[in-house]
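Shown next: target.cif, containing mmCIF, C-alpha atoms.
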data_query
loop_
_atom_site.group_PDB
_atom_site.id
_atom_site.type_symbol
_atom_site.label_atom_id
_atom_site.label_comp_id
_atom_site.auth_asym_id
_atom_site.auth_seq_id
_atom_site.Cartn_x
_atom_site.Cartn_y
_atom_site.Cartn_z
ATOM 1 C CA THR A 213 -38.826 -27.116 -20.246
ATOM 2 C CA THR A 214 -41.508 -26.710 -22.905
ATOM 3 C CA ASP A 215 -43.472 -23.460 -22.524
ATOM 4 C CA LEU A 216 -47.086 -23.751 -23.606
ATOM 5 C CA ASN A 217 -48.890 -20.406 -23.765
ATOM 6 C CA MET A 218 -52.580 -21.243 -24.008
ATOM 7 C CA SER A 219 -53.505 -17.776 -25.234
ATOM 8 C CA ASN A 220 -51.341 -18.118 -28.338
ATOM 9 C CA PRO A 221 -52.704 -20.743 -30.784
ATOM 10 C CA PHE A 222 -49.778 -20.237 -33.173
ATOM 11 C CA GLN A 223 -47.441 -21.392 -30.442
ATOM 12 C CA TYR A 224 -49.341 -24.124 -28.651
ATOM 13 C CA GLU A 225 -50.875 -26.269 -31.419
ATOM 14 C CA ASP A 226 -47.752 -28.261 -32.370
ATOM 15 C CA LEU A 227 -46.685 -28.616 -28.744
ATOM 16 C CA LEU A 228 -50.136 -29.769 -27.725
ATOM 17 C CA ARG A 229 -50.183 -32.442 -30.423
ATOM 18 C CA SER A 230 -46.880 -33.790 -29.074
ATOM 19 C CA ILE A 231 -48.236 -33.893 -25.520
ATOM 20 C CA GLU A 232 -51.399 -35.626 -26.734
ATOM 21 C CA ALA A 233 -49.236 -38.176 -28.556
ATOM 22 C CA ASN A 234 -47.283 -38.869 -25.331
ATOM 23 C CA ASP A 235 -44.050 -37.806 -27.051
ATOM 24 C CA PRO A 236 -41.141 -38.976 -24.824
ATOM 25 C CA ASN A 237 -39.145 -35.865 -25.782
ATOM 26 C CA PHE A 238 -41.491 -33.731 -23.666
ATOM 27 C CA ASP A 239 -40.837 -34.391 -19.991
ATOM 28 C CA ALA A 240 -41.204 -30.883 -18.528
ATOM 29 C CA VAL A 241 -44.024 -28.460 -19.359
ATOM 30 C CA SER A 242 -44.778 -24.944 -18.168
ATOM 31 C CA ILE A 243 -48.413 -23.949 -18.778
ATOM 32 C CA ASP A 244 -49.136 -20.229 -19.058
ATOM 33 C CA THR A 245 -52.818 -19.511 -18.386
ATOM 34 C CA ARG A 246 -52.468 -15.998 -17.010
ATOM 35 C CA ASP A 247 -54.554 -14.479 -19.828
ATOM 36 C CA ILE A 248 -57.468 -16.767 -19.040
ATOM 37 C CA ALA A 249 -60.022 -14.615 -20.885
ATOM 38 C CA GLU A 250 -58.354 -15.715 -24.133
ATOM 39 C CA VAL A 251 -58.631 -19.433 -23.321
ATOM 40 C CA SER A 252 -61.784 -21.310 -24.307
ATOM 41 C CA TYR A 253 -63.407 -24.039 -22.213
ATOM 42 C CA GLU A 254 -62.716 -26.458 -25.082
ATOM 43 C CA LEU A 255 -58.999 -25.698 -25.001
ATOM 44 C CA PHE A 256 -58.821 -26.115 -21.235
ATOM 45 C CA ASP A 257 -60.538 -29.478 -21.672
ATOM 46 C CA ARG A 258 -58.192 -30.556 -24.446
ATOM 47 C CA VAL A 259 -55.002 -29.595 -22.612
ATOM 48 C CA GLY A 260 -56.330 -31.112 -19.396
ATOM 49 C CA HIS A 261 -57.032 -34.442 -21.085
ATOM 50 C CA ALA A 262 -53.588 -34.411 -22.727
ATOM 51 C CA LEU A 263 -51.905 -33.925 -19.348
ATOM 52 C CA ALA A 264 -54.190 -36.341 -17.490
ATOM 53 C CA TYR A 265 -53.030 -39.356 -19.448
ATOM 54 C CA ASN A 266 -49.463 -38.376 -20.349
ATOM 55 C CA THR A 267 -46.943 -40.739 -18.759
ATOM 56 C CA ASN A 268 -43.752 -39.008 -19.916
ATOM 57 C CA ILE A 269 -44.129 -35.584 -18.316
ATOM 58 C CA GLN A 270 -42.159 -35.510 -15.077
ATOM 59 C CA GLU A 271 -42.366 -31.823 -14.274
ATOM 60 C CA LEU A 272 -45.352 -29.449 -14.530
ATOM 61 C CA ALA A 273 -45.463 -25.722 -13.800
ATOM 62 C CA LEU A 274 -48.737 -23.761 -13.662
ATOM 63 C CA ASN A 275 -49.397 -20.033 -13.390
ATOM 64 C CA ILE A 276 -52.799 -19.425 -11.839
ATOM 65 C CA PRO A 277 -54.868 -16.962 -13.916
ATOM 66 C CA LYS A 278 -54.901 -13.324 -12.856
ATOM 67 C CA SER A 279 -58.533 -12.910 -13.869
ATOM 68 C CA LYS A 280 -61.009 -11.311 -11.461
ATOM 69 C CA ASP A 281 -63.944 -12.643 -13.482
ATOM 70 C CA ARG A 282 -65.647 -15.504 -11.616
ATOM 71 C CA ALA A 283 -67.055 -16.804 -14.903
ATOM 72 C CA ASP A 284 -63.527 -17.805 -15.881
ATOM 73 C CA LEU A 285 -63.457 -20.372 -13.082
ATOM 74 C CA VAL A 286 -65.355 -23.088 -14.941
ATOM 75 C CA GLY A 287 -62.789 -24.043 -17.575
ATOM 76 C CA TRP A 288 -59.860 -23.584 -15.187
ATOM 77 C CA LEU A 289 -61.288 -25.843 -12.482
ATOM 78 C CA ARG A 290 -62.176 -28.503 -15.055
ATOM 79 C CA PHE A 291 -58.548 -28.252 -16.206
ATOM 80 C CA LEU A 292 -57.280 -28.858 -12.651
ATOM 81 C CA GLU A 293 -59.711 -31.742 -12.195
ATOM 82 C CA LEU A 294 -58.241 -33.464 -15.263
ATOM 83 C CA ILE A 295 -54.669 -32.853 -14.114
ATOM 84 C CA GLY A 296 -55.664 -34.629 -10.907
ATOM 85 C CA ARG A 297 -55.825 -37.876 -12.874
ATOM 86 C CA ASN A 298 -52.107 -37.815 -13.706
ATOM 87 C CA ARG A 299 -50.076 -40.321 -11.689
ATOM 88 C CA SER A 300 -46.563 -39.800 -13.086
ATOM 89 C CA ILE A 301 -45.665 -36.151 -12.438
ATOM 90 C CA THR A 302 -42.796 -35.914 -9.941
ATOM 91 C CA TYR A 303 -42.217 -32.155 -9.716
ATOM 92 C CA PHE A 304 -45.072 -29.650 -9.467
ATOM 93 C CA HIS A 305 -44.692 -25.860 -9.419
ATOM 94 C CA TYR A 306 -47.696 -23.659 -8.722
ATOM 95 C CA ILE A 307 -47.650 -19.853 -8.815
ATOM 96 C CA SER A 308 -50.703 -18.153 -7.317
ATOM 97 C CA ALA A 309 -51.593 -14.629 -8.413
ATOM 98 C CA SER A 310 -52.521 -11.821 -6.065
ATOM 99 C CA ALA A 311 -54.647 -10.322 -8.844
ATOM 100 C CA ALA A 312 -56.923 -13.368 -8.928
ATOM 101 C CA VAL A 313 -60.134 -13.396 -6.912
ATOM 102 C CA LYS A 314 -59.855 -15.326 -3.644
ATOM 103 C CA SER A 315 -62.470 -17.868 -4.731
ATOM 104 C CA LEU A 316 -60.318 -18.783 -7.739
ATOM 105 C CA ARG A 317 -57.213 -19.291 -5.595
ATOM 106 C CA VAL A 318 -58.975 -21.274 -2.878
ATOM 107 C CA ASN A 319 -61.014 -23.417 -5.272
ATOM 108 C CA SER A 320 -57.881 -24.141 -7.286
ATOM 109 C CA ALA A 321 -56.152 -25.515 -4.195
ATOM 110 C CA MET A 322 -59.189 -27.659 -3.388
ATOM 111 C CA PHE A 323 -59.367 -29.059 -6.929
ATOM 112 C CA LEU A 324 -55.722 -30.138 -6.742
ATOM 113 C CA ARG A 325 -56.490 -32.407 -3.794
ATOM 114 C CA ARG A 326 -56.926 -35.493 -5.957
ATOM 115 C CA PHE A 327 -53.568 -34.820 -7.604
ATOM 116 C CA PHE A 328 -51.743 -34.460 -4.267
ATOM 117 C CA GLU A 329 -53.560 -37.375 -2.690
ATOM 118 C CA ARG A 330 -53.339 -40.007 -5.398
ATOM 119 C CA ASN A 331 -50.115 -39.275 -7.257
ATOM 120 C CA GLY A 332 -47.633 -41.526 -5.496
ATOM 121 C CA ALA A 333 -44.832 -40.415 -7.839
ATOM 122 C CA LEU A 334 -45.044 -36.813 -6.602
ATOM 123 C CA GLU A 335 -41.915 -35.910 -4.623
ATOM 124 C CA PHE A 336 -41.432 -32.163 -4.849
ATOM 125 C CA ILE A 337 -43.838 -29.215 -4.964
ATOM 126 C CA SER A 338 -43.270 -25.493 -5.088
ATOM 127 C CA LEU A 339 -46.132 -23.218 -4.006
ATOM 128 C CA LYS A 340 -46.692 -19.491 -3.927
ATOM 129 C CA ILE A 341 -49.376 -18.841 -1.304
ATOM 130 C CA ILE A 342 -51.202 -15.514 -1.077
ATOM 131 C CA ASP A 343 -53.548 -15.691 1.922
ATOM 132 C CA PRO A 344 -54.523 -17.867 4.927
ATOM 133 C CA ASP A 345 -57.635 -19.280 3.225
ATOM 134 C CA GLU A 346 -55.473 -20.557 0.392
ATOM 135 C CA ALA A 347 -53.050 -22.041 2.930
ATOM 136 C CA GLU A 348 -55.971 -23.826 4.619
ATOM 137 C CA ALA A 349 -57.112 -25.338 1.311
ATOM 138 C CA PHE A 350 -53.616 -26.508 0.376
ATOM 139 C CA ALA A 351 -53.075 -27.908 3.880
ATOM 140 C CA SER A 352 -56.235 -30.017 3.585
ATOM 141 C CA ALA A 353 -55.084 -31.299 0.198
ATOM 142 C CA LEU A 354 -51.544 -32.149 1.316
ATOM 143 C CA ALA A 355 -52.662 -33.645 4.634
ATOM 144 C CA SER A 356 -54.704 -36.206 2.694
ATOM 145 C CA ARG A 357 -51.488 -37.917 1.492
ATOM 146 C CA GLU A 358 -50.584 -41.204 3.142
ATOM 147 C CA THR A 359 -46.867 -40.532 2.721
ATOM 148 C CA ALA A 360 -44.938 -37.283 3.038
ATOM 149 C CA LEU A 361 -43.453 -35.457 0.083
ATOM 150 C CA GLU A 362 -39.679 -35.456 -0.190
ATOM 151 C CA SER A 363 -39.523 -31.681 -0.442
ATOM 152 C CA ILE A 364 -41.663 -28.551 -0.517
ATOM 153 C CA ARG A 365 -40.686 -24.979 -1.361
ATOM 154 C CA ILE A 366 -43.129 -22.350 -0.160
ATOM 155 C CA ASP A 367 -43.092 -18.701 -1.184
ATOM 156 C CA GLY A 368 -45.011 -16.252 1.004
ATOM 157 C CA ALA A 369 -45.698 -15.203 4.563
ATOM 158 C CA ASN A 370 -48.437 -17.818 4.928
ATOM 159 C CA SER A 371 -45.908 -20.660 4.630
ATOM 160 C CA ILE A 372 -45.858 -21.174 8.376
ATOM 161 C CA GLU A 373 -49.636 -21.342 8.573
ATOM 162 C CA LEU A 374 -49.656 -23.979 5.834
ATOM 163 C CA LEU A 375 -47.144 -26.153 7.678
ATOM 164 C CA ARG A 376 -48.898 -25.709 11.024
ATOM 165 C CA LEU A 377 -52.201 -26.787 9.497
ATOM 166 C CA ILE A 378 -50.691 -29.838 7.773
ATOM 167 C CA PHE A 379 -49.061 -30.870 11.052
ATOM 168 C CA GLU A 380 -52.354 -30.378 12.873
ATOM 169 C CA LYS A 381 -54.329 -32.441 10.351
ATOM 170 C CA ASN A 382 -51.779 -35.195 9.660
ATOM 171 C CA PRO A 383 -48.231 -35.019 11.107
ATOM 172 C CA ALA A 384 -47.106 -37.846 8.810
ATOM 173 C CA ALA A 385 -47.779 -35.647 5.776
ATOM 174 C CA ILE A 386 -45.219 -32.963 6.714
ATOM 175 C CA PRO A 387 -42.636 -32.909 3.868
ATOM 176 C CA LYS A 388 -39.209 -34.283 4.739
ATOM 177 C CA GLN A 389 -37.498 -31.110 3.559
ATOM 178 C CA VAL A 390 -38.974 -27.605 3.718
ATOM 179 C CA ARG A 391 -37.631 -24.513 1.988
ATOM 180 C CA THR A 392 -39.233 -21.094 2.338
ATOM 181 C CA ARG A 393 -38.851 -17.661 0.767
ATOM 182 C CA HIS A 394 -40.117 -14.159 1.461
ATOM 183 C CA ILE A 395 -41.387 -14.735 4.992
ATOM 184 C CA GLY A 396 -39.313 -12.121 6.833
ATOM 185 C CA ASN A 397 -37.109 -12.476 9.919
ATOM 186 C CA GLU A 398 -39.944 -13.021 12.373
ATOM 187 C CA GLY A 399 -41.513 -15.574 10.083
ATOM 188 C CA GLY A 400 -38.191 -17.381 9.739
ATOM 189 C CA GLU A 401 -37.738 -17.627 13.491
ATOM 190 C CA ALA A 402 -41.313 -18.868 13.971
ATOM 191 C CA LEU A 403 -40.840 -21.415 11.196
ATOM 192 C CA ALA A 404 -37.634 -22.734 12.737
ATOM 193 C CA ARG A 405 -39.368 -23.147 16.104
ATOM 194 C CA PHE A 406 -42.230 -24.985 14.455
ATOM 195 C CA LEU A 407 -40.036 -27.343 12.440
ATOM 196 C CA GLU A 408 -38.091 -28.335 15.530
ATOM 197 C CA SER A 409 -41.263 -30.014 16.768
ATOM 198 C CA ALA A 410 -41.838 -31.970 13.563
ATOM 199 C CA ASN A 411 -40.022 -35.254 12.957
ATOM 200 C CA ASN A 412 -37.940 -36.024 9.853
ATOM 201 C CA VAL A 413 -37.899 -32.442 8.614
ATOM 202 C CA GLY A 414 -34.690 -30.743 7.571
ATOM 203 C CA ILE A 415 -34.198 -27.001 7.167
ATOM 204 C CA ARG A 416 -32.194 -25.721 4.237
ATOM 205 C CA LYS A 417 -30.997 -22.186 4.986
#

So, in terms of structure tokens, how does the structure I just supplied come out?
Amino acid sequence: TTDLNMSNPFQYEDLLRSIEANDPNFDAVSIDTRDIAEVSYELFDRVGHALAYNTNIQELALNIPKSKDRADLVGWLRFLELIGRNRSITYFHYISASAAVKSLRVNSAMFLRRFFERNGALEFISLKIIDPDEAEAFASALASRETALESIRIDGANSIELLRLIFEKNPAAIPKQVRTRHIGNEGGEALARFLESANNVGIRK
């Protein structure tokens, strides 16, 4: 996996040129945007465009910014909007940050809707969900898919709420395999009861 730290220009420039050139040697990229205050709107736009039209990257990992400054939303959401144009990414990992303002987390989930909805190649996603509002936004995005994902891994106590909401909005969009972490014993029992009512879902313990 290629690690691209957007707050370090000495590290990202060569990597970014390769992504922009659709270099076939780069098929997995981890984007570090946690220090969002150091990332300009122009850089978000440039990286977003590079990812939007890259057909070689199969796997993308994003760390949501930890910023509590609402002004930092603009470049980040534009970045997610551009990523939504990619149609070839198969694996998507998304780490939410408890230090980020709720509006940033929820808006981020909403802006990824196009990506979830239109990327037919997408098979596997991994999400870290912080609160119920974020789960609601992700559920709306995932429920918009015509076909279910092959697999989803969800980290956080709000995993069950996410699955319940997807099932409520569009049962056909429930992923075929569900893996969860950090939900506690009660959460695990509730999740198992819920999944028993959903078709074509396997539980990996």

Legend entry - Distance query 12 Å from (-49.4, -19.0, -27.4) using all atoms listed in the file, result as a PyMOL selection string: chain A and resi 214-228+242-248+250-251+255

Legend entry - Reference answer for the PyMOL selection byres ((chain A and resi 336) around 9), as a list in words: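 Given this file, the PyMOL selection byres ((chain A and resi 336) around 9) evaluates to Thr302, Tyr303, Phe304, His305, Leu334, Glu335, Ile337, Ser338, Leu361, Glu362, Ser363, Ile364, Arg365 and Pro387 of chain A.
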
With the cut-off set at 12 Å and counting all atoms listed in the file, tabulate each residue of stretch 288-343 of chain A with an atom at most that distance from an atom of stretch 395-402 of chain A, showing the nearest atom pair and its distance in Å to one decimal, ordered by chain and increasing number, as a Markdown table.
| residue | atom | partner | partner_atom | distance |
| --- | --- | --- | --- | --- |
| A:Lys340 | CA | A:Ile395 | CA | 11.4 |
| A:Ile341 | CA | A:Ile395 | CA | 11.0 |
| A:Ile342 | CA | A:Ile395 | CA | 11.6 |

Inset, instruction - Apply the PyMOL selection byres ((chain A and resi 328) around 10) to the displayed file and report the matching residues as a list in words. - result: Gly296, Arg299, Phe304, Ala321, Phe323, Leu324, Arg325, Arg326, Phe327, Glu329, Arg330, Asn331, Gly332, Ala333, Leu334, Glu335, Ile337, Phe350, Ala353, Leu354, Ala355, Ser356, Arg357 and Leu361 of chain A

Inset, instruction - Take atom CA of A:Asn234 and atom CA of A:Leu294 and report the distance between them in Å, one decimal. - result: 15.8 Å

Could you give me the axis-aligned bounding box of stretch 315-322 of chain A, with 8 Å of padding per side, as centre plus edge lengths in Å to one decimal, as AutoDock Vina command-line options?
--center_x -59.3 --center_y -22.8 --center_z -5.3 --size_x 22.3 --size_y 25.8 --size_z 20.9

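The space separating atom CA of A:Ala347 from atom CA of A:Asn370 comes to 6.6 Å.
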
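Among the candidates A:Leu339, A:Ile269, A:Leu289, A:Val390, the residue lying nearest to A:Phe256 is A:Leu289 (atoms considered: all atoms listed in the file).
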
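We find atom CA of A:Ala385 and atom CA of A:Thr359 to be spaced 5.8 Å apart.
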
Inset, instruction - Please evaluate the PyMOL selection byres ((chain A and resi 261) around 12) against the structure above and give the resulting residues as a list in words. - result: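 Those residues are Leu228, Arg229, Ile231, Glu232, Ala233, Asn234, Glu254, Leu255, Phe256, Asp257, Arg258, Val259, Gly260, Ala262, Leu263, Ala264, Tyr265, Asn266, Arg290, Phe291, Leu292, Glu293, Leu294, Ile295, Gly296, Arg297 and Asn298 of chain A.
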
I need the residues from that last selection saved to file as a PDB file, in the coordinates of the input (with C-alpha atoms), if you can.
ATOM      1  CA  LEU A 228     -50.136 -29.769 -27.725  1.00  0.00           C
ATOM      2  CA  ARG A 229     -50.183 -32.442 -30.423  1.00  0.00           C
ATOM      3  CA  ILE A 231     -48.236 -33.893 -25.520  1.00  0.00           C
ATOM      4  CA  GLU A 232     -51.399 -35.626 -26.734  1.00  0.00           C
ATOM      5  CA  ALA A 233     -49.236 -38.176 -28.556  1.00  0.00           C
ATOM      6  CA  ASN A 234     -47.283 -38.869 -25.331  1.00  0.00           C
ATOM      7  CA  GLU A 254     -62.716 -26.458 -25.082  1.00  0.00           C
ATOM      8  CA  LEU A 255     -58.999 -25.698 -25.001  1.00  0.00           C
ATOM      9  CA  PHE A 256     -58.821 -26.115 -21.235  1.00  0.00           C
ATOM     10  CA  ASP A 257     -60.538 -29.478 -21.672  1.00  0.00           C
ATOM     11  CA  ARG A 258     -58.192 -30.556 -24.446  1.00  0.00           C
ATOM     12  CA  VAL A 259     -55.002 -29.595 -22.612  1.00  0.00           C
ATOM     13  CA  GLY A 260     -56.330 -31.112 -19.396  1.00  0.00           C
ATOM     14  CA  ALA A 262     -53.588 -34.411 -22.727  1.00  0.00           C
ATOM     15  CA  LEU A 263     -51.905 -33.925 -19.348  1.00  0.00           C
ATOM     16  CA  ALA A 264     -54.190 -36.341 -17.490  1.00  0.00           C
ATOM     17  CA  TYR A 265     -53.030 -39.356 -19.448  1.00  0.00           C
ATOM     18  CA  ASN A 266     -49.463 -38.376 -20.349  1.00  0.00           C
ATOM     19  CA  ARG A 290     -62.176 -28.503 -15.055  1.00  0.00           C
ATOM     20  CA  PHE A 291     -58.548 -28.252 -16.206  1.00  0.00           C
ATOM     21  CA  LEU A 292     -57.280 -28.858 -12.651  1.00  0.00           C
ATOM     22  CA  GLU A 293     -59.711 -31.742 -12.195  1.00  0.00           C
ATOM     23  CA  LEU A 294     -58.241 -33.464 -15.263  1.00  0.00           C
ATOM     24  CA  ILE A 295     -54.669 -32.853 -14.114  1.00  0.00           C
ATOM     25  CA  GLY A 296     -55.664 -34.629 -10.907  1.00  0.00           C
ATOM     26  CA  ARG A 297     -55.825 -37.876 -12.874  1.00  0.00           C
ATOM     27  CA  ASN A 298     -52.107 -37.815 -13.706  1.00  0.00           C
TER      28      ASN A 298
END

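Near (-43.7, -39.2, -18.7), the residues inside the 7 Å limit, counting only C-alpha atoms, come to Pro236, Asp239, Asn266, Thr267, Asn268, Ile269, Gln270 and Ser300 of chain A.
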
Legend entry - Option closest in space to A:Glu348, from A:Lys381, A:Arg405, A:Lys278, A:Arg393 [counting only C-alpha atoms]: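 Answer, going by the shortest atom-to-atom distance: A:Lys381.
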
Contacts of A:Leu316 at 12 Å (all atoms listed in the file; same-chain gap of 5+ positions) as a compact mmCIF listing (two decimals) with C-alpha atoms, in the frame of the given file:
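File produced: part-v1.txt:
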# COMPACT_ATOMS: atom_id res chain seq x y z
CA ILE A 248 -57.47 -16.77 -19.04
CA ILE A 276 -52.80 -19.42 -11.84
CA PRO A 277 -54.87 -16.96 -13.92
CA LYS A 278 -54.90 -13.32 -12.86
CA SER A 279 -58.53 -12.91 -13.87
CA LYS A 280 -61.01 -11.31 -11.46
CA ASP A 281 -63.94 -12.64 -13.48
CA ARG A 282 -65.65 -15.50 -11.62
CA ALA A 283 -67.06 -16.80 -14.90
CA ASP A 284 -63.53 -17.80 -15.88
CA LEU A 285 -63.46 -20.37 -13.08
CA VAL A 286 -65.36 -23.09 -14.94
CA GLY A 287 -62.79 -24.04 -17.58
CA TRP A 288 -59.86 -23.58 -15.19
CA LEU A 289 -61.29 -25.84 -12.48
CA LEU A 292 -57.28 -28.86 -12.65
CA SER A 308 -50.70 -18.15 -7.32
CA ALA A 309 -51.59 -14.63 -8.41
CA SER A 310 -52.52 -11.82 -6.06
CA ALA A 311 -54.65 -10.32 -8.84
CA ALA A 321 -56.15 -25.52 -4.20
CA MET A 322 -59.19 -27.66 -3.39
CA PHE A 323 -59.37 -29.06 -6.93
CA ILE A 342 -51.20 -15.51 -1.08
CA ASP A 345 -57.64 -19.28 3.22
CA GLU A 346 -55.47 -20.56 0.39
CA ALA A 349 -57.11 -25.34 1.31

Inset, instruction - Would you please work out which residue, of A:Ala240, A:Ala351, A:Ala312, A:Ile307, is nearest to A:Leu377 when using only C-alpha atoms? - result: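 Distance minimum relative to A:Leu377 lands on A:Ala351.
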